[in-house]
>>> print(open('structure.tsv').read())   # TSV, N, CA and C atoms
chain	number	residue	atom	x	y	z
A	215	MET	N	-9.73	-159.89	-259.60
A	215	MET	CA	-9.19	-161.12	-259.10
A	215	MET	C	-8.02	-160.80	-258.16
A	216	SER	N	-7.99	-161.44	-256.99
A	216	SER	CA	-6.91	-161.18	-256.04
A	216	SER	C	-5.71	-162.05	-256.37
A	217	PRO	N	-4.50	-161.56	-256.04
A	217	PRO	CA	-3.31	-162.34	-256.33
A	217	PRO	C	-3.28	-163.63	-255.51
A	218	THR	N	-2.64	-164.64	-256.06
A	218	THR	CA	-2.50	-165.90	-255.36
A	218	THR	C	-1.54	-165.72	-254.20
A	219	PRO	N	-1.92	-166.21	-253.00
A	219	PRO	CA	-1.01	-166.05	-251.86
A	219	PRO	C	0.27	-166.83	-252.10
A	220	PRO	N	1.39	-166.32	-251.58
A	220	PRO	CA	2.65	-167.02	-251.77
A	220	PRO	C	2.64	-168.36	-251.04
A	221	THR	N	3.42	-169.29	-251.54
A	221	THR	CA	3.54	-170.60	-250.91
A	221	THR	C	4.99	-170.91	-250.67
A	222	GLY	N	5.24	-171.97	-249.90
A	222	GLY	CA	6.61	-172.42	-249.67
A	222	GLY	C	7.42	-171.40	-248.91
A	223	ALA	N	8.72	-171.35	-249.21
A	223	ALA	CA	9.66	-170.50	-248.47
A	223	ALA	C	9.27	-169.03	-248.54
A	224	ALA	N	8.72	-168.59	-249.67
A	224	ALA	CA	8.39	-167.17	-249.80
A	224	ALA	C	7.36	-166.73	-248.77
A	225	SER	N	6.40	-167.60	-248.41
A	225	SER	CA	5.38	-167.22	-247.45
A	225	SER	C	5.89	-167.30	-246.02
A	226	GLU	N	7.01	-167.97	-245.78
A	226	GLU	CA	7.55	-168.15	-244.44
A	226	GLU	C	8.47	-167.02	-244.01
A	227	ARG	N	8.90	-166.17	-244.92
A	227	ARG	CA	9.90	-165.16	-244.61
A	227	ARG	C	9.32	-164.04	-243.77
A	228	ARG	N	10.20	-163.42	-243.00
A	228	ARG	CA	9.78	-162.38	-242.05
A	228	ARG	C	9.33	-161.11	-242.77
A	229	ASN	N	8.37	-160.44	-242.14
A	229	ASN	CA	7.88	-159.16	-242.67
A	229	ASN	C	8.38	-157.98	-241.87
A	230	GLN	N	9.01	-158.21	-240.73
A	230	GLN	CA	9.51	-157.12	-239.90
A	230	GLN	C	10.81	-156.56	-240.46
A	231	SER	N	11.13	-155.34	-239.99
A	231	SER	CA	12.42	-154.76	-240.35
A	231	SER	C	13.52	-155.65	-239.82
A	232	ARG	N	14.55	-155.83	-240.61
A	232	ARG	CA	15.68	-156.64	-240.17
A	232	ARG	C	16.97	-155.88	-240.44
A	233	ARG	N	18.03	-156.36	-239.81
A	233	ARG	CA	19.34	-155.74	-239.99
A	233	ARG	C	20.39	-156.85	-240.11
A	234	ILE	N	21.35	-156.63	-240.95
A	234	ILE	CA	22.45	-157.58	-241.09
A	234	ILE	C	23.14	-157.75	-239.75
A	235	LEU	N	23.45	-158.98	-239.41
A	235	LEU	CA	24.16	-159.32	-238.18
A	235	LEU	C	25.09	-160.47	-238.52
A	236	ARG	N	26.38	-160.19	-238.62
A	236	ARG	CA	27.36	-161.21	-239.00
A	236	ARG	C	28.26	-161.51	-237.81
A	237	VAL	N	27.81	-162.41	-236.95
A	237	VAL	CA	28.59	-162.82	-235.78
A	237	VAL	C	28.49	-164.34	-235.62
A	238	GLN	N	29.45	-164.89	-234.89
A	238	GLN	CA	29.41	-166.31	-234.55
A	238	GLN	C	28.32	-166.54	-233.51
A	239	ALA	N	27.67	-167.69	-233.59
A	239	ALA	CA	26.63	-168.04	-232.63
A	239	ALA	C	26.64	-169.55	-232.44
A	240	GLN	N	25.85	-170.01	-231.49
A	240	GLN	CA	25.72	-171.44	-231.23
A	240	GLN	C	24.26	-171.83	-231.41
A	241	LEU	N	24.04	-172.93	-232.13
A	241	LEU	CA	22.71	-173.47	-232.34
A	241	LEU	C	22.58	-174.71	-231.45
A	242	HIS	N	21.55	-174.73	-230.62
A	242	HIS	CA	21.34	-175.84	-229.69
A	242	HIS	C	20.03	-176.54	-230.03
A	243	ILE	N	20.13	-177.85	-230.22
A	243	ILE	CA	18.96	-178.70	-230.43
A	243	ILE	C	18.98	-179.75	-229.33
A	244	ALA	N	17.85	-179.96	-228.68
A	244	ALA	CA	17.78	-180.92	-227.57
A	244	ALA	C	18.33	-182.28	-228.00
A	245	GLY	N	19.22	-182.83	-227.16
A	245	GLY	CA	19.78	-184.15	-227.42
A	245	GLY	C	20.96	-184.18	-228.37
A	246	HIS	N	21.42	-183.00	-228.83
A	246	HIS	CA	22.55	-182.90	-229.75
A	246	HIS	C	23.58	-181.92	-229.20
A	247	PRO	N	24.85	-182.11	-229.56
A	247	PRO	CA	25.84	-181.12	-229.13
A	247	PRO	C	25.60	-179.79	-229.85
A	248	PRO	N	26.03	-178.67	-229.25
A	248	PRO	CA	25.88	-177.36	-229.91
A	248	PRO	C	26.60	-177.35	-231.26
A	249	THR	N	26.05	-176.60	-232.19
A	249	THR	CA	26.62	-176.43	-233.53
A	249	THR	C	27.00	-174.98	-233.72
A	250	ALA	N	28.22	-174.74	-234.19
A	250	ALA	CA	28.64	-173.37	-234.50
A	250	ALA	C	27.95	-172.92	-235.79
A	251	VAL	N	27.39	-171.72	-235.76
A	251	VAL	CA	26.75	-171.11	-236.93
A	251	VAL	C	27.21	-169.67	-237.04
A	252	ARG	N	26.93	-169.05	-238.15
A	252	ARG	CA	27.20	-167.63	-238.34
A	252	ARG	C	25.87	-166.97	-238.67
A	253	THR	N	25.54	-165.92	-237.94
A	253	THR	CA	24.28	-165.23	-238.20
A	253	THR	C	24.38	-164.43	-239.49
A	254	MET	N	23.24	-164.24	-240.13
A	254	MET	CA	23.16	-163.46	-241.37
A	254	MET	C	22.40	-162.14	-241.11
A	255	ASP	N	21.25	-162.25	-240.46
A	255	ASP	CA	20.47	-161.06	-240.11
A	255	ASP	C	19.52	-161.41	-238.97
A	256	VAL	N	18.91	-160.36	-238.42
A	256	VAL	CA	18.01	-160.54	-237.29
A	256	VAL	C	16.86	-159.54	-237.40
A	257	SER	N	15.70	-159.94	-236.89
A	257	SER	CA	14.54	-159.05	-236.77
A	257	SER	C	13.84	-159.42	-235.47
A	258	GLU	N	12.80	-158.67	-235.13
A	258	GLU	CA	12.05	-159.00	-233.92
A	258	GLU	C	11.42	-160.39	-234.01
A	259	GLY	N	11.10	-160.82	-235.20
A	259	GLY	CA	10.39	-162.08	-235.37
A	259	GLY	C	11.22	-163.24	-235.87
A	260	GLY	N	12.52	-163.02	-236.10
A	260	GLY	CA	13.30	-164.13	-236.62
A	260	GLY	C	14.77	-163.85	-236.75
A	261	ILE	N	15.49	-164.88	-237.13
A	261	ILE	CA	16.93	-164.79	-237.33
A	261	ILE	C	17.30	-165.73	-238.46
A	262	SER	N	18.30	-165.36	-239.21
A	262	SER	CA	18.81	-166.19	-240.29
A	262	SER	C	20.26	-166.54	-239.97
A	263	VAL	N	20.61	-167.83	-240.13
A	263	VAL	CA	21.96	-168.28	-239.83
A	263	VAL	C	22.51	-169.10	-240.99
A	264	LEU	N	23.83	-169.15	-241.07
A	264	LEU	CA	24.52	-170.01	-242.02
A	264	LEU	C	25.02	-171.22	-241.24
A	265	CYS	N	24.63	-172.41	-241.68
A	265	CYS	CA	24.90	-173.64	-240.94
A	265	CYS	C	25.49	-174.68	-241.89
A	266	ALA	N	26.36	-175.54	-241.37
A	266	ALA	CA	26.98	-176.59	-242.20
A	266	ALA	C	25.98	-177.66	-242.62
A	267	VAL	N	24.88	-177.82	-241.86
A	267	VAL	CA	23.87	-178.83	-242.21
A	267	VAL	C	22.52	-178.16	-242.43
A	268	ASN	N	21.73	-178.78	-243.29
A	268	ASN	CA	20.39	-178.27	-243.56
A	268	ASN	C	19.42	-178.93	-242.60
A	269	LEU	N	18.86	-178.17	-241.70
A	269	LEU	CA	17.91	-178.71	-240.72
A	269	LEU	C	16.51	-178.78	-241.34
A	270	PRO	N	15.75	-179.80	-240.97
A	270	PRO	CA	14.39	-179.90	-241.49
A	270	PRO	C	13.51	-178.74	-241.03
A	271	VAL	N	12.57	-178.36	-241.88
A	271	VAL	CA	11.58	-177.35	-241.53
A	271	VAL	C	10.86	-177.82	-240.27
A	272	ARG	N	10.54	-176.89	-239.39
A	272	ARG	CA	9.86	-177.10	-238.11
A	272	ARG	C	10.79	-177.64	-237.01
A	273	THR	N	12.10	-177.72	-237.28
A	273	THR	CA	13.03	-178.10	-236.21
A	273	THR	C	13.09	-176.97	-235.20
A	274	GLU	N	12.89	-177.30	-233.92
A	274	GLU	CA	12.97	-176.29	-232.86
A	274	GLU	C	14.38	-176.29	-232.28
A	275	CYS	N	14.87	-175.10	-231.98
A	275	CYS	CA	16.23	-174.96	-231.47
A	275	CYS	C	16.32	-173.68	-230.64
A	276	THR	N	17.49	-173.47	-230.07
A	276	THR	CA	17.80	-172.22	-229.39
A	276	THR	C	19.10	-171.69	-229.98
A	277	ILE	N	19.11	-170.41	-230.31
A	277	ILE	CA	20.30	-169.74	-230.84
A	277	ILE	C	20.87	-168.88	-229.72
A	278	HIS	N	22.14	-169.09	-229.40
A	278	HIS	CA	22.85	-168.26	-228.42
A	278	HIS	C	23.72	-167.30	-229.22
A	279	VAL	N	23.44	-166.02	-229.12
A	279	VAL	CA	24.14	-165.02	-229.93
A	279	VAL	C	24.45	-163.78	-229.09
A	280	GLN	N	25.64	-163.23	-229.30
A	280	GLN	CA	26.03	-161.97	-228.67
A	280	GLN	C	25.59	-160.83	-229.60
A	281	LEU	N	24.60	-160.08	-229.18
A	281	LEU	CA	24.09	-158.97	-229.98
A	281	LEU	C	24.83	-157.70	-229.62
A	282	PRO	N	25.44	-157.02	-230.61
A	282	PRO	CA	26.10	-155.74	-230.31
A	282	PRO	C	25.05	-154.69	-229.93
A	283	ILE	N	25.28	-154.02	-228.81
A	283	ILE	CA	24.37	-152.97	-228.35
A	283	ILE	C	25.16	-151.66	-228.30
A	284	PRO	N	24.65	-150.63	-229.00
A	284	PRO	CA	25.37	-149.36	-229.02
A	284	PRO	C	25.46	-148.75	-227.63
A	285	PRO	N	26.50	-148.00	-227.30
A	285	PRO	CA	27.62	-147.72	-228.19
A	285	PRO	C	28.71	-148.80	-228.17
A	286	ASN	N	28.95	-149.45	-227.02
A	286	ASN	CA	30.07	-150.40	-226.96
A	286	ASN	C	29.73	-151.72	-226.29
A	287	GLY	N	28.47	-151.99	-226.08
A	287	GLY	CA	28.10	-153.18	-225.31
A	287	GLY	C	27.73	-154.38	-226.15
A	288	ARG	N	27.49	-155.47	-225.47
A	288	ARG	CA	27.00	-156.71	-226.08
A	288	ARG	C	26.01	-157.32	-225.11
A	289	ARG	N	25.05	-158.01	-225.67
A	289	ARG	CA	24.07	-158.70	-224.84
A	289	ARG	C	23.89	-160.12	-225.38
A	290	LEU	N	24.05	-161.10	-224.49
A	290	LEU	CA	23.84	-162.49	-224.88
A	290	LEU	C	22.35	-162.75	-224.95
A	291	LEU	N	21.89	-163.16	-226.13
A	291	LEU	CA	20.50	-163.53	-226.32
A	291	LEU	C	20.41	-165.03	-226.50
A	292	GLN	N	19.40	-165.61	-225.93
A	292	GLN	CA	19.08	-167.02	-226.15
A	292	GLN	C	17.70	-167.03	-226.79
A	293	LEU	N	17.68	-167.16	-228.10
A	293	LEU	CA	16.44	-167.06	-228.86
A	293	LEU	C	15.91	-168.45	-229.20
A	294	ARG	N	14.72	-168.76	-228.71
A	294	ARG	CA	14.06	-169.99	-229.13
A	294	ARG	C	13.51	-169.76	-230.53
A	295	ALA	N	13.74	-170.73	-231.41
A	295	ALA	CA	13.37	-170.52	-232.81
A	295	ALA	C	12.93	-171.84	-233.44
A	296	VAL	N	12.25	-171.72	-234.56
A	296	VAL	CA	11.84	-172.87	-235.35
A	296	VAL	C	12.23	-172.61	-236.81
A	297	VAL	N	12.83	-173.61	-237.45
A	297	VAL	CA	13.29	-173.48	-238.84
A	297	VAL	C	12.08	-173.33	-239.75
A	298	GLN	N	12.13	-172.30	-240.60
A	298	GLN	CA	11.08	-172.05	-241.58
A	298	GLN	C	11.49	-172.49	-242.98
A	299	TYR	N	12.78	-172.35	-243.28
A	299	TYR	CA	13.29	-172.77	-244.60
A	299	TYR	C	14.80	-172.94	-244.54
A	300	GLY	N	15.33	-173.68	-245.48
A	300	GLY	CA	16.77	-173.83	-245.64
A	300	GLY	C	17.11	-173.73	-247.11
A	301	ILE	N	18.12	-172.95	-247.42
A	301	ILE	CA	18.55	-172.72	-248.80
A	301	ILE	C	20.05	-172.96	-248.87
A	302	LEU	N	20.49	-173.74	-249.85
A	302	LEU	CA	21.92	-173.95	-250.06
A	302	LEU	C	22.55	-172.62	-250.47
A	303	SER	N	23.59	-172.23	-249.76
A	303	SER	CA	24.29	-170.98	-250.05
A	303	SER	C	25.68	-171.31	-250.55
A	304	SER	N	25.84	-171.32	-251.87
A	304	SER	CA	27.15	-171.66	-252.43
A	304	SER	C	28.20	-170.63	-252.03
A	305	SER	N	27.82	-169.38	-251.93
A	305	SER	CA	28.79	-168.35	-251.54
A	305	SER	C	29.14	-168.44	-250.06
A	306	GLY	N	28.20	-168.93	-249.24
A	306	GLY	CA	28.44	-169.03	-247.80
A	306	GLY	C	29.04	-170.35	-247.37
A	307	GLY	N	29.03	-171.32	-248.26
A	307	GLY	CA	29.61	-172.61	-247.93
A	307	GLY	C	28.78	-173.43	-246.97
A	308	GLY	N	27.47	-173.29	-247.02
A	308	GLY	CA	26.59	-174.05	-246.13
A	308	GLY	C	25.14	-173.78	-246.49
A	309	PHE	N	24.29	-173.88	-245.51
A	309	PHE	CA	22.86	-173.68	-245.71
A	309	PHE	C	22.41	-172.46	-244.93
A	310	GLN	N	21.69	-171.57	-245.60
A	310	GLN	CA	21.10	-170.44	-244.92
A	310	GLN	C	19.75	-170.90	-244.39
A	311	LEU	N	19.60	-170.85	-243.07
A	311	LEU	CA	18.38	-171.28	-242.41
A	311	LEU	C	17.62	-170.06	-241.92
A	312	GLY	N	16.40	-169.91	-242.37
A	312	GLY	CA	15.53	-168.85	-241.89
A	312	GLY	C	14.70	-169.38	-240.75
A	313	MET	N	14.72	-168.69	-239.63
A	313	MET	CA	14.03	-169.16	-238.43
A	313	MET	C	13.12	-168.10	-237.87
A	314	ALA	N	11.95	-168.53	-237.43
A	314	ALA	CA	11.03	-167.65	-236.71
A	314	ALA	C	11.31	-167.83	-235.23
A	315	THR	N	11.44	-166.73	-234.51
A	315	THR	CA	11.64	-166.83	-233.07
A	315	THR	C	10.30	-167.00	-232.38
A	316	ILE	N	10.33	-167.72	-231.24
A	316	ILE	CA	9.11	-167.99	-230.50
A	316	ILE	C	9.31	-167.64	-229.03
A	317	HIS	N	8.31	-167.02	-228.44
A	317	HIS	CA	8.32	-166.69	-227.01
A	317	HIS	C	9.55	-165.87	-226.60
A	318	THR	N	9.89	-164.85	-227.39
A	318	THR	CA	11.01	-163.98	-227.05
A	318	THR	C	10.59	-163.05	-225.93
A	319	ASP	N	11.41	-162.98	-224.87
A	319	ASP	CA	11.05	-162.13	-223.74
A	319	ASP	C	11.23	-160.66	-224.10
A	320	ALA	N	10.59	-159.79	-223.31
A	320	ALA	CA	10.59	-158.35	-223.59
A	320	ALA	C	12.00	-157.75	-223.61
A	321	PRO	N	12.91	-158.09	-222.67
A	321	PRO	CA	14.25	-157.51	-222.74
A	321	PRO	C	15.00	-157.90	-224.03
A	322	ALA	N	14.83	-159.12	-224.50
A	322	ALA	CA	15.48	-159.54	-225.75
A	322	ALA	C	14.89	-158.79	-226.94
A	323	ARG	N	13.56	-158.66	-226.97
A	323	ARG	CA	12.91	-157.90	-228.06
A	323	ARG	C	13.40	-156.46	-228.06
A	324	ASP	N	13.51	-155.84	-226.86
A	324	ASP	CA	14.00	-154.47	-226.76
A	324	ASP	C	15.42	-154.35	-227.28
A	325	ALA	N	16.27	-155.31	-226.95
A	325	ALA	CA	17.67	-155.29	-227.43
A	325	ALA	C	17.71	-155.41	-228.95
A	326	ILE	N	16.88	-156.27	-229.52
A	326	ILE	CA	16.84	-156.42	-230.98
A	326	ILE	C	16.35	-155.14	-231.63
A	327	ARG	N	15.32	-154.52	-231.07
A	327	ARG	CA	14.82	-153.24	-231.62
A	327	ARG	C	15.91	-152.18	-231.59
A	328	LEU	N	16.62	-152.09	-230.48
A	328	LEU	CA	17.71	-151.12	-230.35
A	328	LEU	C	18.79	-151.39	-231.41
A	329	TYR	N	19.16	-152.63	-231.58
A	329	TYR	CA	20.18	-152.99	-232.57
A	329	TYR	C	19.71	-152.60	-233.99
A	330	ILE	N	18.46	-152.87	-234.32
A	330	ILE	CA	17.94	-152.57	-235.66
A	330	ILE	C	17.89	-151.06	-235.89
A	331	ARG	N	17.53	-150.28	-234.88
A	331	ARG	CA	17.42	-148.83	-235.03
A	331	ARG	C	18.77	-148.14	-235.20
A	332	ASN	N	19.83	-148.71	-234.64
A	332	ASN	CA	21.13	-148.03	-234.64
A	332	ASN	C	22.08	-148.60	-235.65
>>> encode(input="structure.tsv", output="structure tokens")
Amino acid sequence: MSPTPPTGAASERRNQSRRILRVQAQLHIAGHPPTAVRTMDVSEGGISVLCAVNLPVRTECTIHVQLPIPPNGRRLLQLRAVVQYGILSSSGGGFQLGMATIHTDAPARDAIRLYIRN
């Protein structure tokens, strides 16, 4: 008998390698003012942020984040993303939102890969 496939938030989580990324960022949703968020981690396929509000699943947004690039640089990424899950984070004082990135261009993917490797 094969195992039951995961459902809910567990099935939405990223499978790619990720790396902790704790920086300030801006979350942009069409028709709303930008919201300050703090990133938690990043991978080629997604990003996790800490946000004061819990956004509904499937909300589309853009995350503007300065990604540290070794040895001393930074690169501004504008990642289009869709909310996959939101979890109340009592230690973080907000909601941890897991997002899948969509249509990430090659230079942004390369920068994320470089960040994860170093």
>>> atom_distance(input="structure.tsv", atom1="atom C of Val267 of chain A", atom2="atom N of Leu235 of chain A")
19.4 Å
>>> residues_near_point(input="structure.tsv", point="(17.4, -157.9, -231.6)", cutoff="12 Å", atoms="only C-alpha atoms", output="PDB file with N, CA and C atoms, in the coordinates of the input")
ATOM      1  N   GLN A 230       9.010-158.210-240.730  1.00  0.00           N
ATOM      2  CA  GLN A 230       9.510-157.120-239.900  1.00  0.00           C
ATOM      3  C   GLN A 230      10.810-156.560-240.460  1.00  0.00           C
ATOM      4  N   SER A 231      11.130-155.340-239.990  1.00  0.00           N
ATOM      5  CA  SER A 231      12.420-154.760-240.350  1.00  0.00           C
ATOM      6  C   SER A 231      13.520-155.650-239.820  1.00  0.00           C
ATOM      7  N   ARG A 232      14.550-155.830-240.610  1.00  0.00           N
ATOM      8  CA  ARG A 232      15.680-156.640-240.170  1.00  0.00           C
ATOM      9  C   ARG A 232      16.970-155.880-240.440  1.00  0.00           C
ATOM     10  N   ARG A 233      18.030-156.360-239.810  1.00  0.00           N
ATOM     11  CA  ARG A 233      19.340-155.740-239.990  1.00  0.00           C
ATOM     12  C   ARG A 233      20.390-156.850-240.110  1.00  0.00           C
ATOM     13  N   ILE A 234      21.350-156.630-240.950  1.00  0.00           N
ATOM     14  CA  ILE A 234      22.450-157.580-241.090  1.00  0.00           C
ATOM     15  C   ILE A 234      23.140-157.750-239.750  1.00  0.00           C
ATOM     16  N   LEU A 235      23.450-158.980-239.410  1.00  0.00           N
ATOM     17  CA  LEU A 235      24.160-159.320-238.180  1.00  0.00           C
ATOM     18  C   LEU A 235      25.090-160.470-238.520  1.00  0.00           C
ATOM     19  N   ASP A 255      21.250-162.250-240.460  1.00  0.00           N
ATOM     20  CA  ASP A 255      20.470-161.060-240.110  1.00  0.00           C
ATOM     21  C   ASP A 255      19.520-161.410-238.970  1.00  0.00           C
ATOM     22  N   VAL A 256      18.910-160.360-238.420  1.00  0.00           N
ATOM     23  CA  VAL A 256      18.010-160.540-237.290  1.00  0.00           C
ATOM     24  C   VAL A 256      16.860-159.540-237.400  1.00  0.00           C
ATOM     25  N   SER A 257      15.700-159.940-236.890  1.00  0.00           N
ATOM     26  CA  SER A 257      14.540-159.050-236.770  1.00  0.00           C
ATOM     27  C   SER A 257      13.840-159.420-235.470  1.00  0.00           C
ATOM     28  N   GLU A 258      12.800-158.670-235.130  1.00  0.00           N
ATOM     29  CA  GLU A 258      12.050-159.000-233.920  1.00  0.00           C
ATOM     30  C   GLU A 258      11.420-160.390-234.010  1.00  0.00           C
ATOM     31  N   GLY A 259      11.100-160.820-235.200  1.00  0.00           N
ATOM     32  CA  GLY A 259      10.390-162.080-235.370  1.00  0.00           C
ATOM     33  C   GLY A 259      11.220-163.240-235.870  1.00  0.00           C
ATOM     34  N   GLY A 260      12.520-163.020-236.100  1.00  0.00           N
ATOM     35  CA  GLY A 260      13.300-164.130-236.620  1.00  0.00           C
ATOM     36  C   GLY A 260      14.770-163.850-236.750  1.00  0.00           C
ATOM     37  N   ILE A 261      15.490-164.880-237.130  1.00  0.00           N
ATOM     38  CA  ILE A 261      16.930-164.790-237.330  1.00  0.00           C
ATOM     39  C   ILE A 261      17.300-165.730-238.460  1.00  0.00           C
ATOM     40  N   VAL A 279      23.440-166.020-229.120  1.00  0.00           N
ATOM     41  CA  VAL A 279      24.140-165.020-229.930  1.00  0.00           C
ATOM     42  C   VAL A 279      24.450-163.780-229.090  1.00  0.00           C
ATOM     43  N   GLN A 280      25.640-163.230-229.300  1.00  0.00           N
ATOM     44  CA  GLN A 280      26.030-161.970-228.670  1.00  0.00           C
ATOM     45  C   GLN A 280      25.590-160.830-229.600  1.00  0.00           C
ATOM     46  N   LEU A 281      24.600-160.080-229.180  1.00  0.00           N
ATOM     47  CA  LEU A 281      24.090-158.970-229.980  1.00  0.00           C
ATOM     48  C   LEU A 281      24.830-157.700-229.620  1.00  0.00           C
ATOM     49  N   PRO A 282      25.440-157.020-230.610  1.00  0.00           N
ATOM     50  CA  PRO A 282      26.100-155.740-230.310  1.00  0.00           C
ATOM     51  C   PRO A 282      25.050-154.690-229.930  1.00  0.00           C
ATOM     52  N   ILE A 283      25.280-154.020-228.810  1.00  0.00           N
ATOM     53  CA  ILE A 283      24.370-152.970-228.350  1.00  0.00           C
ATOM     54  C   ILE A 283      25.160-151.660-228.300  1.00  0.00           C
ATOM     55  N   PRO A 284      24.650-150.630-229.000  1.00  0.00           N
ATOM     56  CA  PRO A 284      25.370-149.360-229.020  1.00  0.00           C
ATOM     57  C   PRO A 284      25.460-148.750-227.630  1.00  0.00           C
ATOM     58  N   ARG A 288      27.490-155.470-225.470  1.00  0.00           N
ATOM     59  CA  ARG A 288      27.000-156.710-226.080  1.00  0.00           C
ATOM     60  C   ARG A 288      26.010-157.320-225.110  1.00  0.00           C
ATOM     61  N   ARG A 289      25.050-158.010-225.670  1.00  0.00           N
ATOM     62  CA  ARG A 289      24.070-158.700-224.840  1.00  0.00           C
ATOM     63  C   ARG A 289      23.890-160.120-225.380  1.00  0.00           C
ATOM     64  N   LEU A 290      24.050-161.100-224.490  1.00  0.00           N
ATOM     65  CA  LEU A 290      23.840-162.490-224.880  1.00  0.00           C
ATOM     66  C   LEU A 290      22.350-162.750-224.950  1.00  0.00           C
ATOM     67  N   LEU A 291      21.890-163.160-226.130  1.00  0.00           N
ATOM     68  CA  LEU A 291      20.500-163.530-226.320  1.00  0.00           C
ATOM     69  C   LEU A 291      20.410-165.030-226.500  1.00  0.00           C
ATOM     70  N   GLN A 292      19.400-165.610-225.930  1.00  0.00           N
ATOM     71  CA  GLN A 292      19.080-167.020-226.150  1.00  0.00           C
ATOM     72  C   GLN A 292      17.700-167.030-226.790  1.00  0.00           C
ATOM     73  N   LEU A 293      17.680-167.160-228.100  1.00  0.00           N
ATOM     74  CA  LEU A 293      16.440-167.060-228.860  1.00  0.00           C
ATOM     75  C   LEU A 293      15.910-168.450-229.200  1.00  0.00           C
ATOM     76  N   THR A 315      11.440-166.730-234.510  1.00  0.00           N
ATOM     77  CA  THR A 315      11.640-166.830-233.070  1.00  0.00           C
ATOM     78  C   THR A 315      10.300-167.000-232.380  1.00  0.00           C
ATOM     79  N   THR A 318       9.890-164.850-227.390  1.00  0.00           N
ATOM     80  CA  THR A 318      11.010-163.980-227.050  1.00  0.00           C
ATOM     81  C   THR A 318      10.590-163.050-225.930  1.00  0.00           C
ATOM     82  N   ASP A 319      11.410-162.980-224.870  1.00  0.00           N
ATOM     83  CA  ASP A 319      11.050-162.130-223.740  1.00  0.00           C
ATOM     84  C   ASP A 319      11.230-160.660-224.100  1.00  0.00           C
ATOM     85  N   ALA A 320      10.590-159.790-223.310  1.00  0.00           N
ATOM     86  CA  ALA A 320      10.590-158.350-223.590  1.00  0.00           C
ATOM     87  C   ALA A 320      12.000-157.750-223.610  1.00  0.00           C
ATOM     88  N   PRO A 321      12.910-158.090-222.670  1.00  0.00           N
ATOM     89  CA  PRO A 321      14.250-157.510-222.740  1.00  0.00           C
ATOM     90  C   PRO A 321      15.000-157.900-224.030  1.00  0.00           C
ATOM     91  N   ALA A 322      14.830-159.120-224.500  1.00  0.00           N
ATOM     92  CA  ALA A 322      15.480-159.540-225.750  1.00  0.00           C
ATOM     93  C   ALA A 322      14.890-158.790-226.940  1.00  0.00           C
ATOM     94  N   ARG A 323      13.560-158.660-226.970  1.00  0.00           N
ATOM     95  CA  ARG A 323      12.910-157.900-228.060  1.00  0.00           C
ATOM     96  C   ARG A 323      13.400-156.460-228.060  1.00  0.00           C
ATOM     97  N   ASP A 324      13.510-155.840-226.860  1.00  0.00           N
ATOM     98  CA  ASP A 324      14.000-154.470-226.760  1.00  0.00           C
ATOM     99  C   ASP A 324      15.420-154.350-227.280  1.00  0.00           C
ATOM    100  N   ALA A 325      16.270-155.310-226.950  1.00  0.00           N
ATOM    101  CA  ALA A 325      17.670-155.290-227.430  1.00  0.00           C
ATOM    102  C   ALA A 325      17.710-155.410-228.950  1.00  0.00           C
ATOM    103  N   ILE A 326      16.880-156.270-229.520  1.00  0.00           N
ATOM    104  CA  ILE A 326      16.840-156.420-230.980  1.00  0.00           C
ATOM    105  C   ILE A 326      16.350-155.140-231.630  1.00  0.00           C
ATOM    106  N   ARG A 327      15.320-154.520-231.070  1.00  0.00           N
ATOM    107  CA  ARG A 327      14.820-153.240-231.620  1.00  0.00           C
ATOM    108  C   ARG A 327      15.910-152.180-231.590  1.00  0.00           C
ATOM    109  N   LEU A 328      16.620-152.090-230.480  1.00  0.00           N
ATOM    110  CA  LEU A 328      17.710-151.120-230.350  1.00  0.00           C
ATOM    111  C   LEU A 328      18.790-151.390-231.410  1.00  0.00           C
ATOM    112  N   TYR A 329      19.160-152.630-231.580  1.00  0.00           N
ATOM    113  CA  TYR A 329      20.180-152.990-232.570  1.00  0.00           C
ATOM    114  C   TYR A 329      19.710-152.600-233.990  1.00  0.00           C
ATOM    115  N   ILE A 330      18.460-152.870-234.320  1.00  0.00           N
ATOM    116  CA  ILE A 330      17.940-152.570-235.660  1.00  0.00           C
ATOM    117  C   ILE A 330      17.890-151.060-235.890  1.00  0.00           C
ATOM    118  N   ARG A 331      17.530-150.280-234.880  1.00  0.00           N
ATOM    119  CA  ARG A 331      17.420-148.830-235.030  1.00  0.00           C
ATOM    120  C   ARG A 331      18.770-148.140-235.200  1.00  0.00           C
ATOM    121  N   ASN A 332      19.830-148.710-234.640  1.00  0.00           N
ATOM    122  CA  ASN A 332      21.130-148.030-234.640  1.00  0.00           C
ATOM    123  C   ASN A 332      22.080-148.600-235.650  1.00  0.00           C
TER     124      ASN A 332
END
>>> atom_distance(input="structure.tsv", atom1="atom CA of Gly245 of chain A", atom2="atom CA of Ser304 of chain A")
28.9 Å
>>> select_by_dssp(input="structure.tsv", residues="chain A", states="strand (DSSP E)", output="number ranges by chain")
A: 232-234, 238-242, 249-257, 260-265, 274-283, 287-303, 308-315
>>> residues_around(input="structure.tsv", residues="Gly307 of chain A", least_positions_apart="5", cutoff="8 Å", atoms="all atoms listed in the file", output="VMD selection string")
chain A and resid 264 to 267 302
>>> closest_residue(input="structure.tsv", among="A:Gly312, A:Gly300, A:Pro285, A:Gly306", to="Asn268 of chain A", atoms="all atoms listed in the file")
A:Gly300
>>> atom_distance(input="structure.tsv", atom1="atom N of Gln240 of chain A", atom2="atom N of Glu274 of chain A")
15.1 Å
>>> select_by_dssp(input="structure.tsv", residues="chain A", states="helix (DSSP H, G or I)", output="NGL selection string")
:A and (223-226 or 320-331)
>>> closest_residue(input="structure.tsv", among="A:Ala295, A:Val263, A:Cys275, A:Ala250", to="Leu311 of chain A", atoms="all atoms listed in the file")
A:Val263
>>> axis_aligned_box(input="structure.tsv", around="segment 248-252 of chain A", padding_each_side="3 Å", output="AutoDock Vina command-line options")
--center_x 27.3 --center_y -172.8 --center_z -234.0 --size_x 8.8 --size_y 17.7 --size_z 15.4
